$ cat input_14.csv   # CSV, C-alpha atoms
chain,number,residue,atom,x,y,z
A,10,MET,CA,0.0,0.0,0.0
A,11,ARG,CA,1.3,3.5,-1.0
A,12,GLU,CA,0.1,6.3,1.2
A,13,ILE,CA,0.7,10.1,1.6
A,14,ILE,CA,0.8,11.1,5.2
A,15,ILE,CA,0.4,14.8,6.2
A,16,ASN,CA,1.0,15.5,9.8
A,17,GLN,CA,0.7,19.0,11.4
A,18,ASN,CA,1.9,19.7,14.9
A,19,GLU,CA,2.7,22.9,16.8
A,20,GLU,CA,6.1,23.2,15.2
A,21,LEU,CA,6.3,21.2,12.0
A,22,LEU,CA,4.4,20.2,8.9
A,23,THR,CA,5.6,16.8,7.8
A,24,THR,CA,4.7,15.3,4.4
A,25,LEU,CA,5.6,11.7,3.8
A,26,LEU,CA,5.4,9.1,1.1
A,27,VAL,CA,5.0,5.7,2.8
A,28,GLU,CA,5.0,2.2,1.2
A,29,ASN,CA,3.9,-0.8,3.2
A,30,GLY,CA,4.8,1.1,6.4
A,31,ILE,CA,8.3,2.2,5.2
A,32,VAL,CA,9.0,5.9,4.7
A,33,LEU,CA,10.4,6.5,1.2
A,34,GLU,CA,10.3,10.3,1.1
A,35,LYS,CA,10.2,12.9,3.8
A,36,TYR,CA,9.7,16.7,3.7
A,37,GLU,CA,9.5,18.9,6.7
A,38,GLU,CA,8.6,22.6,7.0
A,39,HIS,CA,8.5,24.7,10.1
A,40,ASN,CA,5.1,26.4,10.6
A,41,ASN,CA,6.8,29.9,10.6
A,42,GLN,CA,9.0,29.0,7.6
A,43,THR,CA,8.4,31.0,4.4
A,44,ARG,CA,9.6,29.4,1.2
A,45,ILE,CA,9.9,31.6,-1.9
A,46,GLU,CA,11.4,29.0,-4.3
A,47,GLY,CA,9.4,29.1,-7.5
A,48,ASN,CA,7.9,32.5,-6.9
A,49,ILE,CA,8.1,35.0,-9.7
A,50,TYR,CA,9.0,38.7,-9.1
A,51,ILE,CA,9.7,41.9,-10.9
A,52,GLY,CA,13.1,42.6,-9.5
A,53,LYS,CA,15.4,45.6,-9.6
A,54,VAL,CA,19.0,45.3,-10.5
A,55,GLN,CA,21.2,46.6,-7.7
A,56,ASN,CA,24.8,45.8,-8.5
A,57,VAL,CA,26.5,44.3,-11.6
A,58,LEU,CA,29.7,42.3,-10.9
A,59,PRO,CA,31.7,42.0,-14.2
A,60,GLY,CA,34.4,39.9,-12.7
A,61,MET,CA,31.9,37.2,-11.7
A,62,GLN,CA,29.6,37.7,-14.7
A,63,ALA,CA,26.8,38.1,-12.1
A,64,ALA,CA,24.5,40.6,-10.5
A,65,PHE,CA,22.5,41.2,-7.4
A,66,ILE,CA,18.7,41.7,-7.7
A,67,ASP,CA,16.3,43.2,-5.2
A,68,ILE,CA,13.1,41.3,-5.1
A,69,GLY,CA,11.8,42.8,-1.8
A,70,GLU,CA,13.2,40.2,0.5
A,71,THR,CA,15.7,40.8,3.4
A,72,LYS,CA,18.7,39.9,1.3
A,73,ASN,CA,19.3,40.7,-2.4
A,74,THR,CA,19.2,37.7,-4.7
A,75,PHE,CA,22.0,36.5,-6.9
A,76,ILE,CA,21.8,35.9,-10.7
A,77,HIS,CA,24.5,34.6,-13.1
A,78,LEU,CA,24.9,35.6,-16.7
A,79,LYS,CA,23.9,32.1,-17.9
A,80,ASP,CA,20.5,32.6,-16.1
A,81,ILE,CA,19.9,35.8,-18.0
A,82,LEU,CA,20.8,34.7,-21.5
A,83,PRO,CA,18.3,32.6,-23.4
A,84,LYS,CA,18.0,29.0,-22.0
A,85,ILE,CA,19.8,26.4,-24.1
A,86,ASP,CA,19.6,22.6,-24.3
A,87,GLU,CA,22.9,21.7,-22.5
A,88,LYS,CA,22.9,18.3,-24.1
A,89,LYS,CA,23.4,19.9,-27.5
A,90,GLU,CA,25.3,23.2,-26.7
A,91,ASN,CA,28.2,24.2,-24.5
A,92,ALA,CA,26.9,26.9,-22.1
A,93,GLU,CA,30.3,27.9,-21.0
A,94,GLU,CA,31.5,28.6,-24.5
A,95,ILE,CA,28.4,30.7,-25.2
A,96,ILE,CA,28.8,32.7,-22.0
A,97,LYS,CA,32.4,33.6,-23.0
A,98,GLY,CA,31.1,35.7,-25.8
A,99,TYR,CA,29.0,38.0,-23.6
A,100,ASP,CA,29.8,40.9,-21.2
A,101,ILE,CA,27.2,41.1,-18.5
A,102,LYS,CA,27.5,45.0,-18.3
A,103,LYS,CA,26.0,45.1,-21.8
A,104,VAL,CA,23.1,42.7,-20.9
A,105,ILE,CA,21.8,44.3,-17.7
A,106,LYS,CA,22.4,47.6,-15.8
A,107,PRO,CA,21.8,48.9,-12.3
A,108,GLY,CA,18.3,50.2,-11.8
A,109,MET,CA,16.8,48.0,-14.6
A,110,ASN,CA,13.6,46.1,-13.9
A,111,ILE,CA,13.9,42.3,-14.6
A,112,LEU,CA,11.4,39.4,-14.4
A,113,VAL,CA,12.9,36.6,-12.4
A,114,GLN,CA,12.0,33.3,-10.7
A,115,VAL,CA,13.5,32.1,-7.5
A,116,LYS,CA,15.4,28.8,-8.2
A,117,ARG,CA,16.9,28.3,-4.7
A,118,ASP,CA,15.8,29.7,-1.3
A,119,ALA,CA,18.1,31.9,0.7
A,120,THR,CA,20.3,30.5,3.5
A,121,ASN,CA,21.8,32.1,6.6
A,122,LYS,CA,24.9,33.0,4.6
A,123,LYS,CA,23.5,33.6,1.1
A,124,GLY,CA,20.6,35.3,-0.6
A,125,ALA,CA,18.3,33.4,-2.9
A,126,ARG,CA,19.4,32.4,-6.4
A,127,VAL,CA,17.2,33.7,-9.3
A,128,SER,CA,16.9,33.2,-13.0
A,129,THR,CA,15.1,34.8,-16.0
A,130,HIS,CA,14.4,31.2,-17.2
A,131,ILE,CA,10.8,30.9,-16.0
A,132,SER,CA,9.3,27.5,-15.5
A,133,ILE,CA,5.7,26.7,-14.7
A,134,PRO,CA,5.2,23.2,-13.2
A,135,THR,CA,2.2,21.2,-14.5
A,136,ARG,CA,0.9,17.7,-13.8
A,137,PHE,CA,2.6,16.2,-16.9
A,138,GLY,CA,5.5,18.5,-17.4
A,139,VAL,CA,7.3,21.8,-16.8
A,140,LEU,CA,6.4,24.6,-19.2
A,141,MET,CA,9.3,26.8,-20.2
A,142,PRO,CA,8.3,30.0,-21.9
A,143,ASN,CA,11.0,31.5,-24.2
A,144,ALA,CA,12.8,28.1,-24.5
A,145,ASP,CA,12.9,26.3,-27.9
A,146,PHE,CA,13.6,22.7,-26.9
A,147,ILE,CA,11.6,19.7,-25.7
A,148,THR,CA,13.1,17.0,-23.5
A,149,VAL,CA,11.6,13.9,-21.9
A,150,SER,CA,12.2,12.5,-18.4
A,151,GLN,CA,15.0,9.9,-18.4
A,152,LYS,CA,12.7,7.6,-16.4
A,153,ILE,CA,10.8,7.0,-19.6
A,154,GLU,CA,12.9,4.4,-21.3
A,155,LYS,CA,11.0,3.3,-24.4
A,156,GLU,CA,12.1,5.4,-27.4
A,157,GLU,CA,8.7,4.9,-29.1
A,158,GLU,CA,7.0,6.5,-26.1
A,159,LYS,CA,9.5,9.3,-25.9
A,160,ASN,CA,9.0,10.2,-29.6
A,161,ARG,CA,5.2,10.1,-29.2
A,162,LEU,CA,5.4,12.6,-26.3
A,163,ILE,CA,7.8,14.9,-28.1
A,164,GLU,CA,5.5,14.9,-31.1
A,165,ILE,CA,2.5,15.7,-28.9
A,166,ALA,CA,4.4,18.6,-27.3
A,167,LYS,CA,5.4,20.0,-30.7
A,168,GLU,CA,1.8,20.0,-31.8
A,169,ILE,CA,0.3,21.6,-28.7
A,170,LEU,CA,2.9,24.2,-27.6
A,171,PRO,CA,3.0,27.6,-29.2
A,172,GLU,CA,6.1,28.7,-31.0
A,173,GLY,CA,8.9,29.8,-28.7
A,174,TYR,CA,7.8,27.5,-25.8
A,175,GLY,CA,9.7,24.5,-24.5
A,176,THR,CA,9.0,21.8,-22.0
A,177,ILE,CA,10.4,19.0,-19.9
A,178,ILE,CA,7.9,16.1,-20.1
A,179,ARG,CA,7.4,14.3,-16.8
A,180,THR,CA,7.3,10.5,-16.2
A,181,SER,CA,3.6,11.0,-15.3
A,182,ALA,CA,2.8,11.7,-19.0
A,183,GLU,CA,3.8,8.2,-20.0
A,184,GLY,CA,0.8,6.5,-21.7
A,185,LYS,CA,-1.5,9.6,-21.4
A,186,SER,CA,-3.6,10.7,-24.4
A,187,LYS,CA,-2.9,13.9,-26.3
A,188,ASP,CA,-6.2,15.5,-25.1
A,189,ILE,CA,-5.3,15.0,-21.4
A,190,ILE,CA,-1.8,16.4,-21.9
A,191,GLU,CA,-3.0,19.3,-24.1
A,192,LYS,CA,-5.5,20.4,-21.4
A,193,ASP,CA,-2.8,20.3,-18.8
A,194,PHE,CA,-0.4,22.4,-20.8
A,195,LYS,CA,-3.1,24.9,-21.8
A,196,SER,CA,-3.8,25.6,-18.2
A,197,ALA,CA,0.0,26.4,-17.7
A,198,ILE,CA,0.1,28.6,-20.8
A,199,ASP,CA,-2.9,30.5,-19.5
A,200,LYS,CA,-1.2,31.0,-16.2
A,201,TRP,CA,2.0,32.2,-17.9
A,202,ASN,CA,0.0,34.7,-20.0
A,203,LYS,CA,-1.5,36.2,-16.8
A,204,ILE,CA,1.9,36.5,-15.2
A,205,LEU,CA,3.2,38.2,-18.4
A,206,LYS,CA,0.3,40.6,-18.4
A,207,SER,CA,0.8,41.5,-14.7
A,208,SER,CA,4.5,42.0,-15.2
A,209,LYS,CA,3.9,44.5,-18.1
A,210,GLU,CA,1.1,46.4,-16.3
A,211,GLU,CA,3.0,46.6,-13.0
A,212,LYS,CA,5.2,49.7,-12.8
A,213,GLN,CA,6.5,49.2,-9.3
A,214,ALA,CA,9.6,47.1,-8.5
A,215,PRO,CA,10.4,45.0,-6.6
A,216,LYS,CA,7.0,43.2,-6.7
A,217,LEU,CA,5.8,39.6,-6.3
A,218,ILE,CA,3.9,38.6,-9.4
A,219,TYR,CA,3.3,34.9,-8.9
A,220,LYS,CA,3.4,32.7,-5.8
A,221,SER,CA,4.4,29.1,-6.5
A,222,PRO,CA,2.6,26.0,-5.1
A,223,ASP,CA,3.4,25.3,-1.5
A,224,LEU,CA,5.0,22.1,-0.2
A,225,ILE,CA,1.9,20.0,-0.1
A,226,GLU,CA,0.5,21.1,-3.5
A,227,LYS,CA,3.9,20.6,-5.2
A,228,PHE,CA,4.3,17.1,-3.5
A,229,ILE,CA,0.8,15.9,-4.6
A,230,LEU,CA,1.3,17.2,-8.1
A,231,ASP,CA,4.6,15.4,-8.4
A,232,ILE,CA,3.6,12.1,-6.8
A,233,ILE,CA,-0.1,11.6,-7.6
A,234,GLU,CA,0.5,9.5,-10.7
A,235,GLN,CA,2.3,6.8,-8.6
A,236,LYS,CA,-0.8,4.8,-7.7
A,237,ILE,CA,-1.4,6.3,-4.3
A,238,ASP,CA,-4.0,4.3,-2.4
A,239,ARG,CA,-4.9,6.9,0.2
A,240,ILE,CA,-4.0,10.2,1.9
A,241,LEU,CA,-4.0,10.5,5.7
A,242,ILE,CA,-4.2,14.0,7.3
A,243,ASN,CA,-4.6,15.1,10.9
A,244,ASN,CA,-5.8,18.7,10.2
A,245,LYS,CA,-9.2,19.7,8.9
A,246,LYS,CA,-8.0,22.7,6.9
A,247,LEU,CA,-5.3,20.7,5.2
A,248,GLN,CA,-7.8,18.0,4.3
A,249,GLU,CA,-10.0,20.7,2.6
A,250,LYS,CA,-6.9,22.0,0.8
A,251,VAL,CA,-5.9,18.5,-0.4
A,252,ASN,CA,-9.5,17.8,-1.6
A,253,LYS,CA,-9.4,21.1,-3.6
A,254,ILE,CA,-6.0,20.1,-5.2
A,255,LEU,CA,-7.4,16.7,-6.2
A,256,LYS,CA,-10.5,18.3,-7.6
A,257,ASP,CA,-8.5,20.8,-9.6
A,258,ILE,CA,-6.5,18.1,-11.3
A,259,GLU,CA,-9.6,15.9,-11.7
A,260,ASN,CA,-8.3,13.1,-9.5
A,261,GLU,CA,-10.9,12.7,-6.8
A,262,ASN,CA,-10.9,8.9,-6.7
A,263,ILE,CA,-8.1,8.8,-4.1
A,264,GLU,CA,-9.5,8.3,-0.5
A,265,VAL,CA,-8.6,11.2,1.7
A,266,ILE,CA,-9.0,10.3,5.4
A,267,LEU,CA,-9.1,12.8,8.3
A,268,LYS,CA,-7.7,11.7,11.6
A,269,GLU,CA,-8.1,15.0,13.3
A,270,ASN,CA,-5.5,16.0,15.9
A,271,GLU,CA,-4.0,12.5,15.9
A,272,ASN,CA,-0.2,12.1,15.8
A,273,LEU,CA,0.1,10.2,12.5
A,274,LEU,CA,3.9,9.8,13.0
A,275,LYS,CA,3.1,7.1,15.6
A,276,MET,CA,1.8,4.9,12.7
A,277,TYR,CA,4.2,2.2,11.4
A,278,ASP,CA,6.7,3.4,14.0
A,279,ILE,CA,7.3,6.4,11.6
A,280,ASP,CA,8.7,8.7,14.4
A,281,ASN,CA,11.5,6.2,15.0
A,282,GLN,CA,12.1,5.8,11.3
A,283,LEU,CA,12.5,9.6,11.0
A,284,GLU,CA,14.8,9.7,13.9
A,285,LYS,CA,17.1,7.1,12.3
A,286,CYS,CA,17.2,9.0,9.1
A,287,ASN,CA,18.8,12.0,10.9
A,288,ASN,CA,21.7,9.8,12.2
A,289,ARG,CA,25.1,10.2,10.7
A,290,LYS,CA,25.8,6.4,10.9
A,291,ILE,CA,23.4,3.8,9.4
A,292,TRP,CA,24.0,0.1,10.1
A,293,LEU,CA,23.6,-2.4,7.3
A,294,LYS,CA,22.0,-5.8,7.8
A,295,CYS,CA,25.3,-7.6,7.1
A,296,GLY,CA,27.0,-5.8,10.0
A,297,GLY,CA,28.7,-3.1,8.0
A,298,PHE,CA,27.7,0.6,8.1
A,299,ILE,CA,27.7,3.8,6.1
A,300,THR,CA,28.3,7.3,7.4
A,301,ILE,CA,26.9,10.5,5.7
A,302,ASP,CA,28.5,13.8,6.2
A,303,SER,CA,27.3,17.0,4.4
A,304,THR,CA,29.4,20.1,3.7
A,305,GLU,CA,28.6,23.2,1.8
A,306,ALA,CA,30.4,21.9,-1.2
A,307,LEU,CA,29.3,18.2,-1.3
A,308,THR,CA,28.0,15.2,0.6
A,309,ALA,CA,30.6,12.5,1.5
A,310,ILE,CA,29.4,8.9,2.1
A,311,ASP,CA,31.8,6.4,3.6
A,312,VAL,CA,31.3,2.6,3.5
A,313,ASN,CA,32.8,0.5,6.3
A,314,SER,CA,32.9,-3.3,6.9
A,315,GLY,CA,32.0,-2.8,10.6
A,316,LYS,CA,31.2,-6.1,12.3
A,317,TYR,CA,31.1,-8.1,9.0
A,318,VAL,CA,34.0,-10.4,8.5
A,319,GLY,CA,32.5,-12.5,5.7
A,320,THR,CA,34.3,-15.6,4.3
A,321,LYS,CA,37.9,-16.4,3.6
A,322,ASP,CA,37.6,-14.6,0.2
A,323,LEU,CA,38.4,-10.9,1.0
A,324,GLU,CA,37.2,-9.6,-2.4
A,325,GLN,CA,33.8,-11.3,-1.9
A,326,THR,CA,33.5,-10.0,1.6
A,327,VAL,CA,34.1,-6.4,0.4
A,328,PHE,CA,31.7,-6.8,-2.5
A,329,THR,CA,28.9,-8.0,-0.2
A,330,VAL,CA,29.3,-4.9,2.0
A,331,ASN,CA,29.5,-2.6,-0.9
A,332,LYS,CA,26.5,-4.2,-2.6
A,333,GLU,CA,24.3,-3.8,0.6
A,334,ALA,CA,25.7,-0.2,1.0
A,335,SER,CA,24.7,0.7,-2.6
A,336,ILE,CA,21.0,-0.3,-1.9
A,337,GLU,CA,21.0,1.7,1.4
A,338,ILE,CA,22.7,4.8,0.0
A,339,ALA,CA,20.1,5.0,-2.9
A,340,LYS,CA,17.4,4.8,-0.2
A,341,GLN,CA,19.0,7.4,2.0
A,342,LEU,CA,19.6,9.9,-0.8
A,343,ARG,CA,15.8,9.8,-1.6
A,344,LEU,CA,14.7,9.8,2.0
A,345,ARG,CA,16.9,12.7,3.1
A,346,ASP,CA,16.5,14.5,-0.3
A,347,ILE,CA,20.3,14.9,-0.6
A,348,GLY,CA,21.2,17.1,-3.6
A,349,GLY,CA,24.3,18.4,-5.3
A,350,ILE,CA,27.6,16.6,-5.6
A,351,ILE,CA,27.9,13.3,-3.8
A,352,VAL,CA,31.1,11.3,-3.3
A,353,ILE,CA,31.0,7.7,-2.1
A,354,ASP,CA,34.0,6.1,-0.6
A,355,TYR,CA,33.4,2.4,-1.1
A,356,ILE,CA,35.7,-0.3,0.4
A,357,ASP,CA,38.4,-0.8,-2.2
A,358,MET,CA,37.7,-3.6,-4.7
A,359,LYS,CA,40.6,-5.0,-6.8
A,360,GLU,CA,38.5,-6.5,-9.6
A,361,GLU,CA,37.1,-4.1,-12.2
A,362,GLU,CA,34.2,-6.5,-12.8
A,363,ASN,CA,33.0,-6.0,-9.3
A,364,LYS,CA,33.2,-2.2,-9.6
A,365,LYS,CA,31.0,-2.4,-12.7
A,366,LYS,CA,28.5,-4.6,-10.8
A,367,ILE,CA,28.4,-2.1,-7.9
A,368,ILE,CA,27.6,0.7,-10.4
A,369,GLU,CA,24.9,-1.4,-12.0
A,370,ILE,CA,23.3,-2.3,-8.6
A,371,PHE,CA,23.5,1.4,-7.5
A,372,GLU,CA,22.0,2.8,-10.7
A,373,ASP,CA,19.2,0.1,-10.7
A,374,ASN,CA,18.2,1.3,-7.2
A,375,LEU,CA,18.4,4.9,-8.2
A,376,LYS,CA,15.6,4.3,-10.7
A,377,LYS,CA,13.2,4.2,-7.8
A,378,ASP,CA,14.1,7.9,-7.1
A,379,ARG,CA,11.9,10.4,-9.0
A,380,SER,CA,14.7,13.0,-8.9
A,381,LYS,CA,17.3,13.4,-11.6
A,382,THR,CA,20.5,11.6,-10.8
A,383,GLN,CA,23.8,11.1,-12.7
A,384,VAL,CA,26.4,8.5,-11.7
A,385,VAL,CA,29.8,9.8,-13.1
A,386,GLY,CA,31.8,6.7,-12.1
A,387,PHE,CA,34.9,5.8,-10.1
A,388,THR,CA,37.8,8.3,-10.0
A,389,LYS,CA,41.5,7.4,-9.9
A,390,LEU,CA,41.2,7.5,-6.1
A,391,ASN,CA,38.4,4.8,-6.2
A,392,LEU,CA,35.8,7.3,-5.1
A,393,LEU,CA,32.4,7.1,-6.8
A,394,GLU,CA,31.1,10.5,-8.0
A,395,MET,CA,27.5,11.4,-8.7
A,396,THR,CA,25.0,14.2,-8.7
A,397,ARG,CA,21.4,14.4,-7.6
A,398,LYS,CA,18.9,17.2,-7.9
A,399,HIS,CA,16.9,18.2,-4.8
A,400,ILE,CA,13.2,17.5,-5.0
A,401,ILE,CA,12.5,20.2,-2.4
A,402,SER,CA,15.4,22.6,-1.9
A,403,ASN,CA,16.7,22.3,1.7
A,404,ASP,CA,19.5,24.8,1.2

$ encode --input "input_14.csv" --output "structure tokens"
Amino acid sequence: MREIIINQNEELLTTLLVENGIVLEKYEEHNNQTRIEGNIYIGKVQNVLPGMQAAFIDIGETKNTFIHLKDILPKIDEKKENAEEIIKGYDIKKVIKPGMNILVQVKRDATNKKGARVSTHISIPTRFGVLMPNADFITVSQKIEKEEEKNRLIEIAKEILPEGYGTIIRTSAEGKSKDIIEKDFKSAIDKWNKILKSSKEEKQAPKLIYKSPDLIEKFILDIIEQKIDRILINNKKLQEKVNKILKDIENENIEVILKENENLLKMYDIDNQLEKCNNRKIWLKCGGFITIDSTEALTAIDVNSGKYVGTKDLEQTVFTVNKEASIEIAKQLRLRDIGGIIVIDYIDMKEEENKKKIIEIFEDNLKKDRSKTQVVGFTKLNLLEMTRKHIISND
């Protein structure tokens, strides 16, 4: 059974994806926390930094936001073009100037040390894709593996999108009819036209033009196609909100159950599961363990044999621990929503064939993750490098 559990208490709003009592994804938000990621503003350029090819934009928040030249120039398909080479041909001082008004979207929330990151590359999330005004390319989720289906979806997008619009087609579009996809994208295009109209009519800057979906709405839109059996909520207002979201996307066949004022984190021993997922050390069933350490630059994961001594064959012992660690690491990346650069220090393996098998096992388990991941491979120092994109920014 796959369930969405939404638990509100005095301090936190916790949203979970649970399968057969096991927490797969967890997102927490403090009740007084304000996220601005996804919001669209008319900003005012404050400072231009030629040496960094960047600028600071005032959007009306406590801290000015940061924008890089590549986020001002027209968006390109990085699979086909080299962004760095294109940027070299531009001088940011000739692109924007202090005092200029600029339409931007927040791509990453502010931290204690840094202001938010913004971009002129606006994206409007929909049920079946991400609409990108002023982009001229169409891509399909890597999770859709059949070439025939990819080509079908690309052709549908070409037919229904106006000239000058691009999109990233979600996995949820797989197998859907043209009519259903067209209706979904038309809604996003209408939303964008309203944003554009407001931005042209609004003379004052900085100014909020569009508020993005909150954590619950974004989560439901992203996950609803994954055969959810029911949604459990402990707050009446949140139940009404979820019912409205489901009605808006014409998906009212999912059972929404209100358990008012109950602590839903007591179900399935969820509170203990969540406590463990905050631990630095995670024990493996074989007796080995992994440690997870996050820095500002990257996340480092170390694999240790721990109590596992295995058989007389050292290589097989090491492979067994690394194999189990790969499965657990893929699970923890998803559960903790770890993003950015990730470096995994496996126990050294001498046989290249075993290294290839570990990568295959790891990549196979990463397929369960709905976020975009890329495994680069082992370095000369036998460290496995990869990247993962945050589902919900925790920066």

$ atom_distance --input "input_14.csv" --atom1 "CA of Glu37 (chain A)" --atom2 "CA of Ser380 (chain A)"
17.5 Å

$ closest_atom_pairs --input "input_14.csv" --of "region 91-157 of chain A" --to "region 59-64 of chain A" --cutoff "9 Å" --atoms "only C-alpha atoms" --output "tab-separated table"
residue	atom	partner	partner_atom	distance
A:Ile96	CA	A:Gln62	CA	8.9
A:Tyr99	CA	A:Gln62	CA	8.9
A:Asp100	CA	A:Gln62	CA	7.2
A:Ile101	CA	A:Gln62	CA	5.6
A:Lys102	CA	A:Pro59	CA	6.6
A:Ile105	CA	A:Ala64	CA	8.5
A:Pro107	CA	A:Ala64	CA	8.9

$ write_last_selection --input "input_14.csv" --atoms "C-alpha atoms" --output "CSV table (one decimal), keeping the file's coordinate frame"
chain,number,residue,atom,x,y,z
A,96,ILE,CA,28.8,32.7,-22.0
A,99,TYR,CA,29.0,38.0,-23.6
A,100,ASP,CA,29.8,40.9,-21.2
A,101,ILE,CA,27.2,41.1,-18.5
A,102,LYS,CA,27.5,45.0,-18.3
A,105,ILE,CA,21.8,44.3,-17.7
A,107,PRO,CA,21.8,48.9,-12.3

$ atom_distance --input "input_14.csv" --atom1 "CA of Ile13 (chain A)" --atom2 "CA of Ile254 (chain A)"
13.8 Å

$ residues_around --input "input_14.csv" --residues "region 175-191 of chain A" --least-positions-apart "5" --cutoff "7 Å" --atoms "all atoms listed in the file" --output "JSON, numbers by chain"
{"A": [137, 138, 139, 140, 141, 142, 144, 145, 146, 147, 148, 149, 150, 152, 153, 165, 169, 234]}

$ residues_near_point --input "input_14.csv" --point "(18.7, 10.9, 12.3)" --cutoff "12 Å" --atoms "only C-alpha atoms" --output "PyMOL selection string"
chain A and resi 280-291+300-302+341+344-345

$ residues_around --input "input_14.csv" --residues "Ile225 (chain A)" --least-positions-apart "2" --cutoff "12 Å" --atoms "all atoms listed in the file" --output "ChimeraX atom specification"
/A:13-17,22-26,35-38,221-223,227-233,240,242,247-248,250-255,401

$ closest_residue --input "input_14.csv" --among "A:Gln325, A:Thr388, A:Ser335, A:Asn262" --to "Met358 (chain A)" --atoms "only C-alpha atoms"
A:Gln325

$ closest_residue --input "input_14.csv" --among "A:Ala306, A:Val265, A:Leu375, A:Ile400" --to "Ile338 (chain A)" --atoms "all atoms listed in the file"
A:Leu375

$ residues_around --input "input_14.csv" --residues "Lys268 (chain A)" --least-positions-apart "2" --cutoff "7 Å" --atoms "all atoms listed in the file" --output "list in words"
Ile242, Asn243, Ile266, Asn270 and Glu271 of chain A

$ residues_near_point --input "input_14.csv" --point "(10.7, 44.1, -8.6)" --cutoff "6 Å" --atoms "all atoms listed in the file" --output "JSON, numbers by chain"
{"A": [50, 51, 52, 53, 68, 214, 215, 216]}

$ residues_around --input "input_14.csv" --residues "Asp373 (chain A)" --least-positions-apart "3" --cutoff "12 Å" --atoms "all atoms listed in the file" --output "PyMOL selection string"
chain A and resi 152+332+335-336+339-340+366-370+376-378+382+384

$ closest_residue --input "input_14.csv" --among "A:Met276, A:Val115, A:Lys167, A:Glu372" --to "Val32 (chain A)" --atoms "all atoms listed in the file"
A:Met276

$ closest_residue --input "input_14.csv" --among "A:Leu58, A:Ile198, A:Leu224, A:Leu21" --to "Asn40 (chain A)" --atoms "all atoms listed in the file"
A:Leu21

$ closest_residue --input "input_14.csv" --among "A:Phe75, A:Glu324, A:Glu158, A:Lys294" --to "Glu360 (chain A)" --atoms "only C-alpha atoms"
A:Glu324

$ closest_residue --input "input_14.csv" --among "A:Ile263, A:Ala309, A:Ala125, A:Leu392" --to "Lys72 (chain A)" --atoms "only C-alpha atoms"
A:Ala125

$ atom_distance --input "input_14.csv" --atom1 "CA of Trp201 (chain A)" --atom2 "CA of Glu259 (chain A)"
20.9 Å

$ build_atoms --input "input_14.csv" --residues "region 57-69 of chain A" --atoms "N, CA and C atoms" --output "PDB file, keeping the file's coordinate frame"
ATOM      1  N   VAL A  57      26.028  45.172 -10.511  1.00  0.00           N
ATOM      2  CA  VAL A  57      26.500  44.300 -11.600  1.00  0.00           C
ATOM      3  C   VAL A  57      27.996  43.985 -11.259  1.00  0.00           C
ATOM      4  N   LEU A  58      28.372  42.688 -11.262  1.00  0.00           N
ATOM      5  CA  LEU A  58      29.700  42.300 -10.900  1.00  0.00           C
ATOM      6  C   LEU A  58      30.396  41.670 -12.171  1.00  0.00           C
ATOM      7  N   PRO A  59      31.075  42.481 -12.982  1.00  0.00           N
ATOM      8  CA  PRO A  59      31.700  42.000 -14.200  1.00  0.00           C
ATOM      9  C   PRO A  59      32.643  40.849 -14.054  1.00  0.00           C
ATOM     10  N   GLY A  60      33.429  40.900 -12.952  1.00  0.00           N
ATOM     11  CA  GLY A  60      34.400  39.900 -12.700  1.00  0.00           C
ATOM     12  C   GLY A  60      33.816  38.499 -12.460  1.00  0.00           C
ATOM     13  N   MET A  61      32.569  38.472 -11.993  1.00  0.00           N
ATOM     14  CA  MET A  61      31.900  37.200 -11.700  1.00  0.00           C
ATOM     15  C   MET A  61      30.812  36.904 -12.756  1.00  0.00           C
ATOM     16  N   GLN A  62      30.636  37.834 -13.725  1.00  0.00           N
ATOM     17  CA  GLN A  62      29.600  37.700 -14.700  1.00  0.00           C
ATOM     18  C   GLN A  62      28.236  37.432 -14.015  1.00  0.00           C
ATOM     19  N   ALA A  63      27.982  38.259 -12.972  1.00  0.00           N
ATOM     20  CA  ALA A  63      26.800  38.100 -12.100  1.00  0.00           C
ATOM     21  C   ALA A  63      26.280  39.417 -11.671  1.00  0.00           C
ATOM     22  N   ALA A  64      25.115  39.384 -11.000  1.00  0.00           N
ATOM     23  CA  ALA A  64      24.500  40.600 -10.500  1.00  0.00           C
ATOM     24  C   ALA A  64      23.675  40.297  -9.258  1.00  0.00           C
ATOM     25  N   PHE A  65      23.380  41.350  -8.494  1.00  0.00           N
ATOM     26  CA  PHE A  65      22.500  41.200  -7.400  1.00  0.00           C
ATOM     27  C   PHE A  65      21.156  41.898  -7.701  1.00  0.00           C
ATOM     28  N   ILE A  66      20.054  41.197  -7.399  1.00  0.00           N
ATOM     29  CA  ILE A  66      18.700  41.700  -7.700  1.00  0.00           C
ATOM     30  C   ILE A  66      17.891  41.838  -6.464  1.00  0.00           C
ATOM     31  N   ASP A  67      17.240  42.982  -6.313  1.00  0.00           N
ATOM     32  CA  ASP A  67      16.300  43.200  -5.200  1.00  0.00           C
ATOM     33  C   ASP A  67      14.947  42.740  -5.573  1.00  0.00           C
ATOM     34  N   ILE A  68      14.417  41.753  -4.807  1.00  0.00           N
ATOM     35  CA  ILE A  68      13.100  41.300  -5.100  1.00  0.00           C
ATOM     36  C   ILE A  68      12.128  41.601  -3.902  1.00  0.00           C
ATOM     37  N   GLY A  69      12.620  42.414  -2.960  1.00  0.00           N
ATOM     38  CA  GLY A  69      11.800  42.800  -1.800  1.00  0.00           C
ATOM     39  C   GLY A  69      11.992  41.974  -0.589  1.00  0.00           C
TER      40      GLY A  69
END
